[in-house]
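Notes follow once the structure below has been shown.
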Amino acid sequence: MEQMNCVFVPLVFAELYKLLSGEKKYENALEDQLASIHLPLEWLAEAGDAYNRKWTSDLDYLISDNVDQFALTEQHSQFATWLLAGLHAGGACGELSSKLEAMVMARALEEVEKIQTPLPPVLSPMIIGWTLGSVIGRRGNDLPVAPALSPSDENVRAAFEGLIEHVIAIQGMGQPWPEMMQTAMYWRGYGLAEALRPELGSGGPALKQLRLETLSTMAYAERVEVGKHLDNFKARRNALSHITDDQSRPRFVEVIDEVRQSSGIELTMRAMTQFVFHDVARAAREHPPAVVRQGAWEAMEREIHVWS
């Protein structure tokens, strides 16, 4: 799926590494992470400068209509995600993400001729669950977000891509949306949670476990909002699946009426993105992507070297 690509222009990495090099609270974790591939902590500033030189050079040829053509290969995003994944013990990543988004946007609007908001995906980074992602939603929406590393499980990957396709399609439609376009989010979301934690046997326990695991990486307000939505997720999904009245669950007609009033599409997408990105970061820590190796920087640097 082409939309799931997570690649960026050099500006994003210039600002990311500049930001990380100045964050004292992450210093120890970053030092340990970089040392594992024989890079010093000072590498962050060095890399930021190298990406900035490449961006400055690209600006001589770059305009708003062709900015996508200056995106770097996926290895840069994958390496950055591995680095970020090592910061998971640092709590929520929303503040870091907001700073990165703001810094990139400010420079892009100032430096790229005729560019307007919403910025294209190659200039729209977001950090969720300590995974780097690219915002690919329509009409300025901050969802969906494509992760820099795909989920390792093939079924999870296909299910998440399908969810992204579905939400992007809805964003392109006028309201009111068809009822089944909205309620389908409950089936896919429940199944995706189950696939992320198959050892728990069903979607209900999986949702509870994923909520517990992602508590520390979400901002308080987001955690509360998503949590309220997920409180009724299983009951609504059961009512939508079985339809006939049963005292053990809400009535089908009541659920679809509630969904029509407030579909929960955004909250379901936000929850599932959080869960998938959290799992991607975990996998990156346990099984680093191929780009993470001794000599990784030399390989990436060749792509961004500015020849004088």
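Residues in the structure tokens are named by chain (A, B, ... in the order shown) and by number from 1 within that chain; ligands are numbered from 1 in the order shown.
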Handout entry: Nearby residues (only C-alpha atoms) at most 10 Å from Ala283 in chain A, same-chain spacing under 3 positions excluded, as a PyMOL selection string
Key = chain A and resi 82+85+149-152+277-280+286-289
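Residues in contact with Leu267 in chain A at up to 12 Å, not including ones fewer than 6 positions away on its chain and judged by only C-alpha atoms, are Asp142, Leu143, Pro144, Val167, Gln182, Met185, Tyr186, Gly189, Glu222, Arg223, Val224, Glu225, Val226, Gly227, Lys228, His229, Leu230, Asp231, Phe233, Thr273 and Gln274 of chain A.
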Store the residues picked out above in a file with N, CA and C atoms, as a tab-separated table (two decimals), in the first residue's frame.
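Final output, saved to selection-v4.tsv:
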chain	number	residue	atom	x	y	z
A	142	ASP	N	-5.23	14.80	11.45
A	142	ASP	CA	-3.98	14.28	11.99
A	142	ASP	C	-3.97	12.76	12.07
A	143	LEU	N	-4.97	12.12	11.49
A	143	LEU	CA	-5.06	10.68	11.34
A	143	LEU	C	-5.58	10.39	9.94
A	144	PRO	N	-5.24	9.23	9.37
A	144	PRO	CA	-4.34	8.19	9.86
A	144	PRO	C	-2.87	8.60	9.80
A	167	VAL	N	-10.50	4.58	6.66
A	167	VAL	CA	-10.63	5.92	7.24
A	167	VAL	C	-10.35	7.00	6.19
A	182	GLN	N	-19.42	3.36	9.31
A	182	GLN	CA	-19.03	3.77	10.65
A	182	GLN	C	-18.89	2.57	11.59
A	185	MET	N	-15.77	-0.02	11.93
A	185	MET	CA	-14.61	0.27	12.77
A	185	MET	C	-14.57	-0.61	14.01
A	186	TYR	N	-15.75	-1.00	14.51
A	186	TYR	CA	-15.80	-1.84	15.71
A	186	TYR	C	-15.33	-3.25	15.42
A	189	GLY	N	-11.46	-2.97	14.62
A	189	GLY	CA	-10.72	-2.60	15.82
A	189	GLY	C	-10.63	-3.73	16.82
A	222	GLU	N	-5.73	12.55	26.36
A	222	GLU	CA	-5.98	11.57	25.30
A	222	GLU	C	-6.32	10.21	25.89
A	223	ARG	N	-5.60	9.84	26.95
A	223	ARG	CA	-5.84	8.56	27.60
A	223	ARG	C	-7.27	8.46	28.13
A	224	VAL	N	-7.76	9.54	28.73
A	224	VAL	CA	-9.11	9.56	29.27
A	224	VAL	C	-10.15	9.47	28.15
A	225	GLU	N	-9.95	10.25	27.10
A	225	GLU	CA	-10.91	10.28	25.99
A	225	GLU	C	-10.98	8.93	25.28
A	226	VAL	N	-9.83	8.37	24.97
A	226	VAL	CA	-9.80	7.06	24.31
A	226	VAL	C	-10.33	5.99	25.24
A	227	GLY	N	-10.00	6.09	26.53
A	227	GLY	CA	-10.47	5.11	27.50
A	227	GLY	C	-11.98	5.06	27.59
A	228	LYS	N	-12.63	6.21	27.63
A	228	LYS	CA	-14.10	6.25	27.68
A	228	LYS	C	-14.71	5.59	26.45
A	229	HIS	N	-14.09	5.81	25.31
A	229	HIS	CA	-14.59	5.20	24.08
A	229	HIS	C	-14.45	3.68	24.13
A	230	LEU	N	-13.33	3.21	24.64
A	230	LEU	CA	-13.08	1.77	24.66
A	230	LEU	C	-13.87	1.05	25.76
A	231	ASP	N	-14.34	1.78	26.75
A	231	ASP	CA	-15.12	1.15	27.82
A	231	ASP	C	-16.32	0.38	27.27
A	233	PHE	N	-16.61	-0.58	24.01
A	233	PHE	CA	-16.25	-1.09	22.69
A	233	PHE	C	-16.74	-2.53	22.48
A	273	THR	N	-4.14	3.07	16.37
A	273	THR	CA	-2.83	3.61	15.99
A	273	THR	C	-1.88	3.55	17.19
A	274	GLN	N	-2.39	3.93	18.35
A	274	GLN	CA	-1.58	3.88	19.56
A	274	GLN	C	-1.11	2.45	19.84
Exercise for the section: Name all residues at most 10 Å from Met4 in chain A (count only C-alpha atoms; drop same-chain ones fewer than 2 positions away) and give them as a PyMOL selection string. Expected result: chain A and resi 1-2+6-7+133-136+144-150+160-161+164-165
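Minimum atom-to-atom distance to Asp153 in chain A, evaluated using only C-alpha atoms, belongs to A:Val276 out of A:Val276, A:Leu100, A:Glu301, A:Lys114.
Among the candidate residues A:Ile168, A:Ile128, A:Ala29, A:Ala106, the one lying nearest to Ala89 in chain A is A:Ala29, with distances computed using only C-alpha atoms.
Taking only C-alpha atoms, the non-local environment of Gln171 in chain A within 8 Å (same-chain residues fewer than 5 positions away omitted) comprises A:Gly137, A:Arg138, A:Arg139.
You can rank A:Ala239, A:Glu179, A:Gly172, A:Phe275 by their closest distance to Leu207 in chain A using only C-alpha atoms, and at the top of that list sits A:Phe275.
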Among the residues of range 42-220 of chain A, find those DSSP assigns to strand (DSSP E or B) from the backbone and print them as a PDB file with N, CA, C and O atoms, in the first residue's frame.
ATOM      1  N   PRO A 125       5.648  14.825  10.307  1.00  0.00           N
ATOM      2  CA  PRO A 125       6.013  13.763  11.239  1.00  0.00           C
ATOM      3  C   PRO A 125       5.132  13.768  12.486  1.00  0.00           C
ATOM      4  O   PRO A 125       4.588  14.804  12.876  1.00  0.00           O
ATOM      5  N   MET A 126       4.994  12.605  13.087  1.00  0.00           N
ATOM      6  CA  MET A 126       4.320  12.488  14.372  1.00  0.00           C
ATOM      7  C   MET A 126       4.938  11.311  15.115  1.00  0.00           C
ATOM      8  O   MET A 126       5.260  10.284  14.495  1.00  0.00           O
ATOM      9  N   ILE A 127       5.135  11.461  16.402  1.00  0.00           N
ATOM     10  CA  ILE A 127       5.676  10.379  17.224  1.00  0.00           C
ATOM     11  C   ILE A 127       4.552   9.844  18.093  1.00  0.00           C
ATOM     12  O   ILE A 127       3.969  10.580  18.900  1.00  0.00           O
ATOM     13  N   ILE A 128       4.222   8.582  17.914  1.00  0.00           N
ATOM     14  CA  ILE A 128       3.140   7.927  18.664  1.00  0.00           C
ATOM     15  C   ILE A 128       3.685   6.632  19.244  1.00  0.00           C
ATOM     16  O   ILE A 128       4.253   5.814  18.505  1.00  0.00           O
ATOM     17  N   THR A 131       7.102   5.539  18.268  1.00  0.00           N
ATOM     18  CA  THR A 131       7.353   5.169  16.875  1.00  0.00           C
ATOM     19  C   THR A 131       7.156   6.409  16.008  1.00  0.00           C
ATOM     20  O   THR A 131       6.191   7.154  16.198  1.00  0.00           O
ATOM     21  N   LEU A 132       8.059   6.631  15.078  1.00  0.00           N
ATOM     22  CA  LEU A 132       7.934   7.756  14.156  1.00  0.00           C
ATOM     23  C   LEU A 132       6.935   7.404  13.067  1.00  0.00           C
ATOM     24  O   LEU A 132       6.953   6.298  12.513  1.00  0.00           O
ATOM     25  N   GLY A 133       6.045   8.340  12.773  1.00  0.00           N
ATOM     26  CA  GLY A 133       5.056   8.113  11.730  1.00  0.00           C
ATOM     27  C   GLY A 133       4.855   9.345  10.869  1.00  0.00           C
ATOM     28  O   GLY A 133       5.283  10.452  11.215  1.00  0.00           O
ATOM     29  N   SER A 134       4.182   9.133   9.742  1.00  0.00           N
ATOM     30  CA  SER A 134       3.891  10.207   8.799  1.00  0.00           C
ATOM     31  C   SER A 134       2.375  10.366   8.678  1.00  0.00           C
ATOM     32  O   SER A 134       1.654   9.390   8.423  1.00  0.00           O
ATOM     33  N   VAL A 135       1.883  11.582   8.868  1.00  0.00           N
ATOM     34  CA  VAL A 135       0.443  11.845   8.796  1.00  0.00           C
ATOM     35  C   VAL A 135       0.005  11.794   7.337  1.00  0.00           C
ATOM     36  O   VAL A 135       0.512  12.545   6.496  1.00  0.00           O
ATOM     37  N   VAL A 145      -2.047   7.782  10.482  1.00  0.00           N
ATOM     38  CA  VAL A 145      -0.598   7.965  10.494  1.00  0.00           C
ATOM     39  C   VAL A 145       0.051   6.647  10.090  1.00  0.00           C
ATOM     40  O   VAL A 145      -0.302   5.586  10.612  1.00  0.00           O
ATOM     41  N   ALA A 146       0.989   6.713   9.148  1.00  0.00           N
ATOM     42  CA  ALA A 146       1.700   5.517   8.692  1.00  0.00           C
ATOM     43  C   ALA A 146       2.988   5.356   9.490  1.00  0.00           C
ATOM     44  O   ALA A 146       3.756   6.311   9.628  1.00  0.00           O
ATOM     45  N   PRO A 147       3.256   4.176  10.043  1.00  0.00           N
ATOM     46  CA  PRO A 147       4.473   3.976  10.842  1.00  0.00           C
ATOM     47  C   PRO A 147       5.708   3.793   9.977  1.00  0.00           C
ATOM     48  O   PRO A 147       5.630   3.295   8.850  1.00  0.00           O
TER      49      PRO A 147
END
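Using only C-alpha atoms, the nearest neighbour of Arg188 in chain A within the list A:Asn232, A:Leu34, A:Ser241, A:Leu212 is A:Ser241.
Using only C-alpha atoms, the shortest contact distance between Ser248 in chain A and any of A:Lys234, A:Gly264, A:His305, A:Ala169 is found at A:Lys234.
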